[in-house]
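Everything below belongs to final.tsv, which stores TSV, C-alpha atoms.
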chain	number	residue	atom	x	y	z
O	1	MET	CA	0.00	0.00	0.00
O	2	LYS	CA	2.86	2.33	0.82
O	3	ARG	CA	4.51	1.79	-2.61
O	4	VAL	CA	1.21	2.31	-4.40
O	5	GLY	CA	0.72	5.57	-2.49
O	6	LYS	CA	4.14	6.86	-3.53
O	7	ALA	CA	3.51	5.93	-7.18
O	8	ALA	CA	0.16	7.67	-7.13
O	9	ALA	CA	1.70	10.78	-5.61
O	10	LEU	CA	4.45	10.81	-8.24
O	11	LEU	CA	1.85	10.44	-11.00
O	12	LEU	CA	-0.14	13.33	-9.56
O	13	VAL	CA	2.95	15.56	-9.50
O	14	LEU	CA	3.72	14.72	-13.14
O	15	MET	CA	0.13	15.47	-14.19
O	16	LEU	CA	0.14	18.82	-12.38
O	17	SER	CA	3.48	19.74	-13.99
O	18	LEU	CA	2.10	18.93	-17.43
O	19	VAL	CA	-0.99	21.06	-16.80
O	20	SER	CA	1.25	23.94	-15.66
O	21	ILE	CA	3.42	23.73	-18.79
O	22	VAL	CA	0.40	23.61	-21.10
O	23	GLY	CA	-1.12	26.55	-19.23
O	24	CYS	CA	2.03	28.65	-19.66
O	25	VAL	CA	2.16	27.90	-23.37
O	26	GLY	CA	-1.48	28.89	-23.68
O	27	ASP	CA	-0.83	32.17	-21.89
O	28	LYS	CA	2.05	32.99	-24.26
O	29	ASP	CA	-0.07	32.23	-27.32
O	30	THR	CA	-2.92	34.45	-26.20
O	31	GLN	CA	-1.07	37.24	-24.41
O	32	GLY	CA	2.41	37.56	-25.91
O	33	GLU	CA	1.79	37.17	-29.62
O	34	GLY	CA	0.23	39.69	-31.95
O	35	PRO	CA	-2.17	38.89	-34.77
O	36	GLU	CA	0.74	37.92	-37.03
O	37	GLY	CA	2.18	35.55	-34.44
O	38	ASN	CA	5.51	37.38	-34.03
O	39	GLY	CA	5.84	36.31	-30.40
O	40	ALA	CA	6.67	39.80	-29.08
O	41	GLU	CA	5.96	40.38	-25.41
O	42	PRO	CA	3.56	43.10	-24.26
O	43	GLY	CA	5.32	46.47	-24.10
O	44	VAL	CA	8.12	45.40	-26.45
O	45	ILE	CA	8.32	47.14	-29.84
O	46	ALA	CA	7.16	44.73	-32.55
O	47	LYS	CA	5.80	47.05	-35.27
O	48	LEU	CA	6.61	50.50	-36.63
O	49	GLY	CA	4.24	52.75	-38.56
O	50	LEU	CA	4.45	56.11	-40.36
O	51	GLY	CA	1.24	58.05	-40.98
O	52	HIS	CA	0.58	61.44	-42.56
O	53	ILE	CA	-2.36	63.68	-43.40
O	54	THR	CA	-1.95	66.63	-45.79
O	55	SER	CA	-4.28	69.48	-46.75
O	56	ILE	CA	-3.99	72.52	-49.05
O	57	GLU	CA	-7.40	73.94	-48.10
O	58	ASN	CA	-5.87	77.03	-46.46
O	59	SER	CA	-4.31	78.17	-49.75
O	60	LYS	CA	-5.69	81.47	-51.07
O	61	ASP	CA	-6.48	83.04	-54.45
O	62	LEU	CA	-5.47	86.55	-55.41
O	63	VAL	CA	-8.32	88.86	-54.37
O	64	ALA	CA	-8.98	92.41	-55.63
O	65	ASP	CA	-11.70	94.38	-53.83
O	66	GLU	CA	-13.89	97.20	-55.14
O	67	ASP	CA	-11.39	99.83	-53.98
O	68	GLY	CA	-8.62	98.26	-56.02
O	69	ASP	CA	-6.80	96.82	-53.04
O	70	VAL	CA	-5.18	93.50	-53.86
O	71	THR	CA	-4.52	90.60	-51.51
O	72	PRO	CA	-1.81	88.40	-53.10
O	73	PRO	CA	-2.27	84.64	-53.38
O	74	SER	CA	-0.53	82.03	-51.22
O	75	GLY	CA	-0.09	78.29	-51.20
O	76	GLN	CA	-0.28	76.60	-47.81
O	77	VAL	CA	0.45	72.95	-47.13
O	78	ASP	CA	-0.56	71.59	-43.73
O	79	THR	CA	0.93	68.17	-43.00
O	80	VAL	CA	0.48	66.09	-39.85
O	81	ILE	CA	2.96	63.24	-39.35
O	82	ALA	CA	2.71	60.41	-36.82
O	83	VAL	CA	5.25	57.75	-35.91
O	84	LEU	CA	3.85	54.96	-33.75
O	85	ALA	CA	5.44	51.79	-32.36
O	86	PHE	CA	3.22	48.87	-31.36
O	87	ASP	CA	3.78	45.73	-29.30
O	88	GLY	CA	2.61	42.22	-30.17
O	89	ASP	CA	-0.85	42.98	-28.82
O	90	ASP	CA	-1.09	46.07	-31.06
O	91	LYS	CA	-0.89	48.41	-28.10
O	92	ILE	CA	1.02	51.63	-28.61
O	93	VAL	CA	4.47	51.59	-27.03
O	94	LYS	CA	5.82	54.88	-28.46
O	95	ALA	CA	4.04	57.80	-30.09
O	96	ILE	CA	5.47	60.89	-31.82
O	97	ILE	CA	3.26	63.42	-33.60
O	98	ASP	CA	4.34	66.57	-35.40
O	99	SER	CA	2.86	69.06	-37.85
O	100	ALA	CA	4.22	71.39	-40.51
O	101	GLN	CA	2.48	74.52	-41.76
O	102	SER	CA	4.41	75.36	-44.95
O	103	LEU	CA	3.53	78.64	-46.65
O	104	VAL	CA	4.58	79.91	-50.10
O	105	LYS	CA	3.76	83.61	-50.55
O	106	PHE	CA	3.40	85.57	-53.80
O	107	ASP	CA	3.14	89.30	-54.50
O	108	GLU	CA	0.59	91.07	-56.69
O	109	GLU	CA	2.71	90.29	-59.76
O	110	LEU	CA	2.55	86.61	-58.87
O	111	GLN	CA	6.24	86.42	-58.00
O	112	VAL	CA	7.36	84.26	-55.08
O	113	THR	CA	8.26	86.38	-52.05
O	114	SER	CA	9.08	83.51	-49.68
O	115	ASP	CA	12.73	82.55	-49.31
O	116	LEU	CA	13.07	79.52	-51.61
O	117	ALA	CA	16.34	78.47	-49.98
O	118	ALA	CA	14.98	78.46	-46.42
O	119	LYS	CA	14.32	75.08	-44.83
O	120	GLY	CA	10.85	74.61	-43.43
O	121	LYS	CA	10.32	73.84	-39.75
O	122	THR	CA	7.72	71.73	-38.03
O	123	LYS	CA	5.73	72.98	-35.04
O	124	ILE	CA	7.90	70.95	-32.67
O	125	GLU	CA	11.03	72.43	-34.24
O	126	LEU	CA	9.59	75.93	-33.87
O	127	GLY	CA	8.94	75.28	-30.18
O	128	ASP	CA	7.98	78.44	-28.30
O	129	ALA	CA	8.39	80.45	-31.51
O	130	TYR	CA	5.17	78.92	-32.84
O	131	GLY	CA	3.36	81.33	-30.54
O	132	MET	CA	0.36	79.38	-29.27
O	133	LYS	CA	1.10	79.83	-25.57
O	134	LYS	CA	0.16	83.53	-25.53
O	135	VAL	CA	-3.39	82.69	-26.68
O	136	SER	CA	-3.74	79.34	-24.92
O	137	GLU	CA	-6.40	79.12	-22.24
O	138	ILE	CA	-4.24	76.53	-20.43
O	139	ASP	CA	-0.96	78.45	-20.99
O	140	LYS	CA	0.64	75.63	-22.99
O	141	GLU	CA	2.53	75.80	-26.27
O	142	TRP	CA	1.61	73.49	-29.17
O	143	PHE	CA	4.57	71.16	-28.67
O	144	GLU	CA	3.64	70.74	-25.00
O	145	GLN	CA	0.05	69.87	-25.82
O	146	ILE	CA	0.91	67.39	-28.56
O	147	GLN	CA	3.31	65.63	-26.20
O	148	GLU	CA	0.49	65.19	-23.71
O	149	LEU	CA	-1.72	63.70	-26.42
O	150	ALA	CA	1.07	61.33	-27.48
O	151	ASN	CA	1.62	60.29	-23.85
O	152	TRP	CA	-2.10	59.58	-23.52
O	153	MET	CA	-1.96	57.21	-26.53
O	154	VAL	CA	0.73	54.98	-25.01
O	155	GLY	CA	-0.69	51.70	-23.71
O	156	LYS	CA	-3.85	51.95	-25.83
O	157	THR	CA	-4.89	50.17	-29.00
O	158	ILE	CA	-5.62	52.22	-32.10
O	159	ASP	CA	-9.35	51.58	-31.61
O	160	GLU	CA	-9.16	53.06	-28.10
O	161	VAL	CA	-7.33	56.07	-29.50
O	162	GLN	CA	-9.95	56.59	-32.21
O	163	ASN	CA	-12.70	56.36	-29.61
O	164	LEU	CA	-11.38	59.42	-27.78
O	165	GLN	CA	-14.37	61.47	-26.69
O	166	VAL	CA	-14.32	64.99	-28.14
O	167	LYS	CA	-16.40	68.13	-28.01
O	168	GLU	CA	-16.78	71.40	-29.89
O	169	ARG	CA	-14.96	74.13	-28.00
O	170	GLU	CA	-16.25	76.84	-30.32
O	171	PRO	CA	-16.79	77.31	-34.07
O	172	GLY	CA	-13.62	76.20	-35.82
O	173	TYR	CA	-12.64	73.87	-32.99
O	174	PRO	CA	-14.87	70.83	-33.61
O	175	ALA	CA	-12.80	68.05	-32.02
O	176	VAL	CA	-11.24	69.02	-28.71
O	177	PRO	CA	-10.61	66.23	-26.16
O	178	ASP	CA	-13.42	65.74	-23.66
O	179	VAL	CA	-11.90	63.24	-21.22
O	180	PRO	CA	-10.68	64.08	-17.69
O	181	GLU	CA	-7.08	63.01	-18.45
O	182	LEU	CA	-6.74	65.58	-21.24
O	183	THR	CA	-9.14	68.50	-20.75
O	184	SER	CA	-6.60	70.51	-18.73
O	185	LEU	CA	-3.67	69.50	-20.95
O	186	VAL	CA	-4.88	69.54	-24.56
O	187	THR	CA	-7.20	72.18	-26.01
O	188	ILE	CA	-6.12	71.92	-29.66
O	189	THR	CA	-8.32	70.16	-32.21
O	190	VAL	CA	-7.17	66.57	-32.57
O	191	GLN	CA	-9.02	65.07	-35.54
O	192	ASP	CA	-6.02	65.18	-37.89
O	193	TYR	CA	-3.69	63.78	-35.23
O	194	LEU	CA	-6.02	60.84	-34.66
O	195	ALA	CA	-6.29	60.30	-38.43
O	196	ALA	CA	-2.49	60.29	-38.83
O	197	ALA	CA	-2.22	57.80	-35.95
O	198	GLN	CA	-4.74	55.55	-37.70
O	199	GLU	CA	-2.71	55.67	-40.91
O	200	ALA	CA	0.46	54.85	-38.95
O	201	PHE	CA	-1.31	51.74	-37.65
O	202	ASN	CA	-2.57	50.82	-41.12
O	203	ASN	CA	0.95	51.17	-42.54
O	204	ALA	CA	2.74	49.48	-39.63
O	205	VAL	CA	5.28	46.77	-40.51
O	206	GLU	CA	6.68	44.05	-38.29
O	207	ILE	CA	10.27	44.74	-37.34
O	208	PRO	CA	13.12	42.59	-35.98
O	209	GLU	CA	13.67	42.28	-32.24
O	210	GLY	CA	15.86	44.69	-30.35
O	211	ALA	CA	14.22	48.10	-30.92
O	212	VAL	CA	14.16	50.24	-27.79
O	213	ALA	CA	13.53	53.72	-29.25
O	214	VAL	CA	11.85	55.32	-32.26
O	215	GLY	CA	12.24	58.69	-33.93
O	216	LEU	CA	10.68	61.00	-36.51
O	217	GLY	CA	12.75	63.03	-38.96
O	218	THR	CA	11.66	65.65	-41.51
O	219	GLU	CA	13.18	67.82	-44.24
O	220	ILE	CA	10.94	70.48	-45.80
O	221	SER	CA	11.71	72.50	-48.94
O	222	ILE	CA	9.78	75.01	-51.08
O	223	SER	CA	12.58	75.40	-53.63
O	224	GLY	CA	10.44	73.89	-56.40
O	225	SER	CA	8.01	76.83	-56.26
O	226	LYS	CA	7.86	79.25	-59.23
O	227	GLY	CA	6.53	82.71	-60.00
O	228	TYR	CA	4.73	83.80	-63.17
O	229	SER	CA	6.89	84.45	-66.24
O	230	VAL	CA	6.76	84.65	-70.02
O	231	SER	CA	9.89	83.98	-72.07
O	232	ASP	CA	10.10	83.32	-75.82
O	233	ASP	CA	6.30	83.05	-75.85
O	234	ILE	CA	6.48	80.30	-73.22
O	235	GLU	CA	4.23	81.06	-70.27
O	236	THR	CA	5.19	79.67	-66.87
O	237	LEU	CA	2.29	79.80	-64.43
O	238	PRO	CA	2.73	80.32	-60.69
O	239	LEU	CA	3.30	77.18	-58.63
O	240	ALA	CA	3.64	76.63	-54.89
O	241	GLN	CA	5.47	73.38	-54.25
O	242	VAL	CA	6.29	71.91	-50.85
O	243	ASP	CA	8.47	68.79	-50.69
O	244	THR	CA	8.26	67.06	-47.32
O	245	THR	CA	10.65	64.17	-46.73
O	246	MET	CA	9.84	62.17	-43.61
O	247	SER	CA	11.11	59.11	-41.81
O	248	ALA	CA	10.16	56.76	-39.03
O	249	ALA	CA	13.09	54.84	-37.61
O	250	ALA	CA	13.56	52.31	-34.82
O	251	PHE	CA	16.90	51.98	-33.02
O	252	ASP	CA	18.48	49.40	-30.73
O	253	GLU	CA	20.44	50.05	-27.52
O	254	GLU	CA	23.60	50.76	-29.54
O	255	GLY	CA	21.84	53.34	-31.72
O	256	LYS	CA	21.80	51.06	-34.75
O	257	VAL	CA	18.82	51.12	-37.10
O	258	VAL	CA	16.46	48.18	-36.63
O	259	GLN	CA	13.94	49.48	-39.17
O	260	ALA	CA	13.75	52.55	-41.38
O	261	VAL	CA	10.66	53.87	-43.19
O	262	ILE	CA	11.09	56.82	-45.57
O	263	ASP	CA	8.50	58.63	-47.69
O	264	VAL	CA	8.07	61.92	-49.54
O	265	LEU	CA	5.11	64.22	-50.10
O	266	GLN	CA	5.50	66.40	-53.19
O	267	THR	CA	2.56	68.78	-52.78
O	268	LYS	CA	1.83	71.21	-55.63
O	269	ILE	CA	-0.64	74.10	-55.72
O	270	ALA	CA	-1.05	75.54	-59.22
O	271	PHE	CA	-2.36	79.03	-60.05
O	272	ASP	CA	-3.51	80.56	-63.33
O	273	ALA	CA	-2.27	83.86	-64.79
O	274	GLU	CA	-4.84	85.75	-62.67
O	275	GLY	CA	-3.63	84.20	-59.43
O	276	GLN	CA	-6.57	81.83	-59.02
O	277	ILE	CA	-5.93	78.32	-57.69
O	278	THR	CA	-6.49	75.63	-60.32
O	279	THR	CA	-5.59	72.61	-58.16
O	280	ASP	CA	-8.50	70.77	-56.53
O	281	LYS	CA	-8.16	71.77	-52.89
O	282	THR	CA	-10.24	68.81	-51.69
O	283	ALA	CA	-8.47	66.04	-53.64
O	284	PRO	CA	-6.50	63.47	-51.59
O	285	ILE	CA	-2.75	64.08	-51.57
O	286	LYS	CA	-0.66	60.95	-51.91
O	287	SER	CA	2.96	60.35	-51.03
O	288	LYS	CA	5.46	58.79	-53.44
O	289	LYS	CA	5.04	55.40	-51.77
O	290	GLU	CA	1.26	55.66	-51.98
O	291	LEU	CA	1.50	56.57	-55.66
O	292	GLY	CA	3.63	53.49	-56.29
O	293	ASP	CA	4.09	52.83	-60.01
O	294	ALA	CA	1.88	55.83	-60.80
O	295	TYR	CA	4.71	58.13	-59.70
O	296	GLY	CA	6.28	57.39	-63.09
O	297	MET	CA	10.00	57.17	-62.38
O	298	LYS	CA	10.51	53.69	-63.79
O	299	LYS	CA	10.19	54.71	-67.43
O	300	ALA	CA	13.04	57.19	-67.01
O	301	SER	CA	15.15	55.10	-64.62
O	302	GLU	CA	18.48	53.84	-65.89
O	303	ILE	CA	18.09	50.76	-63.66
O	304	GLY	CA	14.40	50.20	-64.46
O	305	LYS	CA	13.21	50.73	-60.88
O	306	GLU	CA	10.37	52.89	-59.57
O	307	TRP	CA	10.94	55.33	-56.68
O	308	HIS	CA	9.24	53.12	-54.10
O	309	GLU	CA	11.42	50.18	-55.15
O	310	GLN	CA	14.62	52.21	-54.81
O	311	ILE	CA	13.73	53.67	-51.42
O	312	VAL	CA	13.03	50.20	-50.03
O	313	GLU	CA	16.53	49.15	-51.07
O	314	LEU	CA	17.99	52.19	-49.30
O	315	GLU	CA	15.94	51.37	-46.17
O	316	LYS	CA	17.31	47.82	-46.17
O	317	TRP	CA	20.88	49.12	-46.50
O	318	MET	CA	20.40	51.31	-43.42
O	319	VAL	CA	19.50	48.40	-41.10
O	320	GLY	CA	22.30	47.55	-38.69
O	321	LYS	CA	24.04	50.89	-39.15
O	322	THR	CA	24.24	53.92	-36.87
O	323	ALA	CA	23.04	57.35	-38.00
O	324	ALA	CA	26.68	58.41	-38.30
O	325	GLU	CA	27.47	55.47	-40.59
O	326	ILE	CA	24.40	56.23	-42.69
O	327	THR	CA	25.19	59.91	-43.17
O	328	ALA	CA	28.75	58.92	-44.10
O	329	LEU	CA	27.48	57.07	-47.21
O	330	SER	CA	29.79	57.74	-50.14
O	331	VAL	CA	27.99	59.70	-52.88
O	332	LYS	CA	28.78	61.10	-56.29
O	333	GLU	CA	27.30	63.55	-58.78
O	334	ARG	CA	25.41	61.76	-61.52
O	335	GLY	CA	24.68	64.96	-63.38
O	336	PRO	CA	23.24	68.47	-62.89
O	337	GLY	CA	20.44	68.25	-60.34
O	338	TYR	CA	21.72	64.91	-59.04
O	339	PRO	CA	24.46	65.90	-56.57
O	340	ALA	CA	24.25	63.02	-54.10
O	341	VAL	CA	23.73	59.65	-55.75
O	342	PRO	CA	25.04	56.58	-53.85
O	343	ASP	CA	28.59	55.58	-54.72
O	344	ASP	CA	28.64	52.40	-52.67
O	345	PRO	CA	28.92	48.93	-54.32
O	346	GLU	CA	25.94	47.69	-52.32
O	347	LEU	CA	23.68	50.41	-53.74
O	348	THR	CA	24.93	51.58	-57.15
O	349	SER	CA	22.79	49.07	-59.07
O	350	LEU	CA	19.77	49.51	-56.79
O	351	VAL	CA	19.49	53.22	-55.96
O	352	THR	CA	20.11	56.06	-58.45
O	353	VAL	CA	17.95	58.74	-56.79
O	354	THR	CA	19.57	61.59	-54.88
O	355	VAL	CA	19.70	60.60	-51.23
O	356	GLN	CA	20.85	63.64	-49.22
O	357	ASP	CA	17.41	64.31	-47.72
O	358	TYR	CA	16.82	60.63	-46.98
O	359	LEU	CA	20.07	60.42	-45.04
O	360	ALA	CA	19.26	63.66	-43.22
O	361	VAL	CA	15.83	62.50	-41.99
O	362	ILE	CA	17.30	59.33	-40.50
O	363	ASP	CA	19.92	61.42	-38.72
O	364	LYS	CA	17.14	63.67	-37.39
O	365	ALA	CA	15.07	60.66	-36.37
O	366	TYR	CA	17.99	59.44	-34.27
O	367	GLU	CA	18.48	62.88	-32.70
O	368	ASN	CA	14.75	63.02	-31.85
O	369	SER	CA	14.38	59.37	-30.81
O	370	LYS	CA	12.68	58.45	-27.55

Show me this structure written as structure tokens.
Amino acid sequence: MKRVGKAAALLLVLMLSLVSIVGCVGDKDTQGEGPEGNGAEPGVIAKLGLGHITSIENSKDLVADEDGDVTPPSGQVDTVIAVLAFDGDDKIVKAIIDSAQSLVKFDEELQVTSDLAAKGKTKIELGDAYGMKKVSEIDKEWFEQIQELANWMVGKTIDEVQNLQVKEREPGYPAVPDVPELTSLVTITVQDYLAAAQEAFNNAVEIPEGAVAVGLGTEISISGSKGYSVSDDIETLPLAQVDTTMSAAAFDEEGKVVQAVIDVLQTKIAFDAEGQITTDKTAPIKSKKELGDAYGMKKASEIGKEWHEQIVELEKWMVGKTAAEITALSVKERGPGYPAVPDDPELTSLVTVTVQDYLAVIDKAYENSK
């Protein structure tokens, strides 16, 4: 009887151990893995997404009143950019949101008066110079408020973020947060920030293990803008053009790139000879990656590759390198207008686009990483 008792006890221990092991495996399957089964633990960066929303609705026609006073036209590009990192349960681990208000001014003769060589700045880069604090009812600058909104997103799913309760503060402010955690911290309208966050989730890609920080980098130029001119019977109509290069990048503990995502918005606002806007102000504005083959580089490419194909190759090359190693890429001049084409054996047959802005936004993403 004694031996039988010991055997039964041993069998019971083995059965309980088996149940415990099965239970642990079940917990990992349901709690630690995301929908794609990548096995990432909660709170650990498993996906990286870049989202952006752009509008030209604040652009203005030339206006002449009855007294002969003329208000010159302007092209304005408002772009919201979001970089979000998600864990295996699709909860937000890191959130960075920024916005750029890029303005191209013209005079009455439809000549550009903005400095074409000046680099554009985002609202975060402007900091206190943006000037919201002096009119803020909570005495907070824009960059302070957007940081509070980003902090609020951390730990939530994208559905929880989109379900943020909002209210109308006054005409023109239709979507101000209406939850106790934010009402004293965020009084700016948030609809575009939520939309950019949604797009970041939609675009999110699984990334290798090891990412501990993410960053957002931007380069903004209006140098492609043109004033009205006529030469040799060739009429050049006014054009406001804002080129926004942006990146989302994830870095490991050593500052090496785990994943890089780069895209460009080439936003154009065309005017006629009377200074009236001819571009559809309500039409969706797509980035080069969103345009895909429709961007039309492949037919002119010496290597037969479209822009989105070339940028993916550059993103791959960046993985495992530090920002310093990336910005040290050897480049050459391919011809006038192409001053910085890769001159590295790994890239020469894959990337023939100029890369200076793409290198710069990764460097900025590292500087801004958190």

Residue contacts of Glu168 (chain O) (10 Å, all atoms listed in the file) excluding same-chain residues fewer than 5 positions away, as a PDB file with C-alpha atoms, in the frame of the given file:
ATOM      1  CA  TYR O 173     -12.640  73.870 -32.990  1.00  0.00           C
ATOM      2  CA  PRO O 174     -14.870  70.830 -33.610  1.00  0.00           C
ATOM      3  CA  ALA O 175     -12.800  68.050 -32.020  1.00  0.00           C
ATOM      4  CA  VAL O 176     -11.240  69.020 -28.710  1.00  0.00           C
ATOM      5  CA  PRO O 177     -10.610  66.230 -26.160  1.00  0.00           C
ATOM      6  CA  ASP O 178     -13.420  65.740 -23.660  1.00  0.00           C
ATOM      7  CA  THR O 189      -8.320  70.160 -32.210  1.00  0.00           C
TER       8      THR O 189
END

Q: Would you kindly return, as a list in words, each protein, DNA or RNA residue with an atom no farther than 7 Å from any atom of region 99-112 of chain O, considering only C-alpha atoms and excluding same-chain residues fewer than 6 positions away?
A: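 Selected residues are Val70, Pro72, Pro73, Ser74, Gly75, Gln76, Val77, Asp78, Thr79, Val80, Ile81, Gly120, Lys121, Thr122, Lys123, Lys226, Gly227, Tyr228, Pro238, Ala240 and Gly275 of chain O.
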
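Taking only C-alpha atoms into account, Val353 (chain O) lies nearest to O:Trp307 out of the set O:Trp152, O:Trp142, O:Phe251, O:Trp307.
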
Q: Within 12 Å of Lys133 (chain O), counting only C-alpha atoms, which residues show up once you throw out same-chain ones fewer than 4 positions away? Write them as an NGL selection string, please.
A: :O and (127-129 or 137-145 or 186-188)

**Q.** Long-range neighbours of Thr71 (chain O) as a count of residues only, 7 Å cut-off, only C-alpha atoms, 5 positions minimum in chain
**A.** 3

Q | Interatomic distance (Å, one decimal) between CA of Lys94 (chain O) and CA of Ala211 (chain O) | A |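 Computing it gives 11.1 Å between the two atoms.
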
Q: Check the smallest atom-to-atom distance from each of O:Leu50, O:Ile124, O:Leu237, O:Ile92 to Glu160 (chain O) using only C-alpha atoms, then report the winner.
A: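 Among the listed residues, O:Ile92 lies closest to Glu160 (chain O).
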
Q: Find, counting only C-alpha atoms, the residue in O:Asp159, O:Glu274, O:Glu206, O:Glu235 that gets nearest to Lys91 (chain O).
A: O:Asp159

I'd like the box whose edges run along x, y and z of the file and which contains every listed atom of region 275-288 of chain O, padded by 8 Å per side; could you state its centre and edge lengths in Å, one decimal, as JSON?
{"center_x": -2.4, "center_y": 71.5, "center_z": -55.7, "size_x": 31.7, "size_y": 41.4, "size_z": 25.3}

Q. So what do you get for CA of Gln198 (chain O) versus CA of Arg169 (chain O), distance-wise?
A.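 CA of Arg169 (chain O) lies 23.3 Å from CA of Gln198 (chain O).
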
Q: Mind giving me the straight-line distance from CA of Pro339 (chain O) to CA of Thr354 (chain O) in Å, one decimal?
A: 6.7 Å

Q. Looking at O:Asn202, O:Gln241, O:Thr157, O:Gln191, which one is nearest to Leu48 (chain O), with distances taken over only C-alpha atoms?
A.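 Once distances to Leu48 (chain O) are computed over only C-alpha atoms, the minimum belongs to O:Asn202.
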
Q) Looking at O:Val264, O:Ala248, O:Gln356, O:Val161, which one is nearest to Pro342 (chain O), with distances taken over all atoms listed in the file? A) O:Gln356

Q.
Can you tell me which residues surround Arg334 (chain O) at a distance of at most 9 Å, considering only C-alpha atoms, apart from same-chain residues fewer than 6 positions away, and format the answer as an MDAnalysis selection string?
A. chainID O and resid 340:341 352 354

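Distances to Phe86 (chain O) were evaluated for O:Asp61, O:Ala118, O:Ser184, O:Ile207 using only C-alpha atoms, and the minimum falls at O:Ile207.
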
Give me region 266-277 of chain O with N, CA and C atoms filled in, as a compact mmCIF listing (two decimals), in the frame of the given file.
# COMPACT_ATOMS: atom_id res chain seq x y z
N GLN O 266 5.17 65.33 -52.24
CA GLN O 266 5.50 66.40 -53.19
C GLN O 266 4.18 67.10 -53.51
N THR O 267 3.88 68.13 -52.71
CA THR O 267 2.56 68.78 -52.78
C THR O 267 2.64 70.04 -53.64
N LYS O 268 1.80 70.09 -54.69
CA LYS O 268 1.83 71.21 -55.63
C LYS O 268 0.48 71.93 -55.65
N ILE O 269 0.55 73.26 -55.62
CA ILE O 269 -0.64 74.10 -55.72
C ILE O 269 -0.44 75.02 -56.93
N ALA O 270 -1.21 74.78 -57.97
CA ALA O 270 -1.05 75.54 -59.22
C ALA O 270 -2.01 76.72 -59.26
N PHE O 271 -1.55 77.81 -59.88
CA PHE O 271 -2.36 79.03 -60.05
C PHE O 271 -2.41 79.37 -61.55
N ASP O 272 -3.46 80.08 -61.95
CA ASP O 272 -3.51 80.56 -63.33
C ASP O 272 -2.87 81.94 -63.41
N ALA O 273 -2.93 82.55 -64.58
CA ALA O 273 -2.27 83.86 -64.79
C ALA O 273 -2.94 84.99 -64.02
N GLU O 274 -4.14 84.75 -63.49
CA GLU O 274 -4.84 85.75 -62.67
C GLU O 274 -4.67 85.49 -61.18
N GLY O 275 -3.87 84.50 -60.83
CA GLY O 275 -3.63 84.20 -59.43
C GLY O 275 -4.71 83.37 -58.76
N GLN O 276 -5.52 82.69 -59.58
CA GLN O 276 -6.57 81.83 -59.02
C GLN O 276 -6.07 80.38 -58.96
N ILE O 277 -6.38 79.70 -57.87
CA ILE O 277 -5.93 78.32 -57.69
C ILE O 277 -6.67 77.40 -58.66
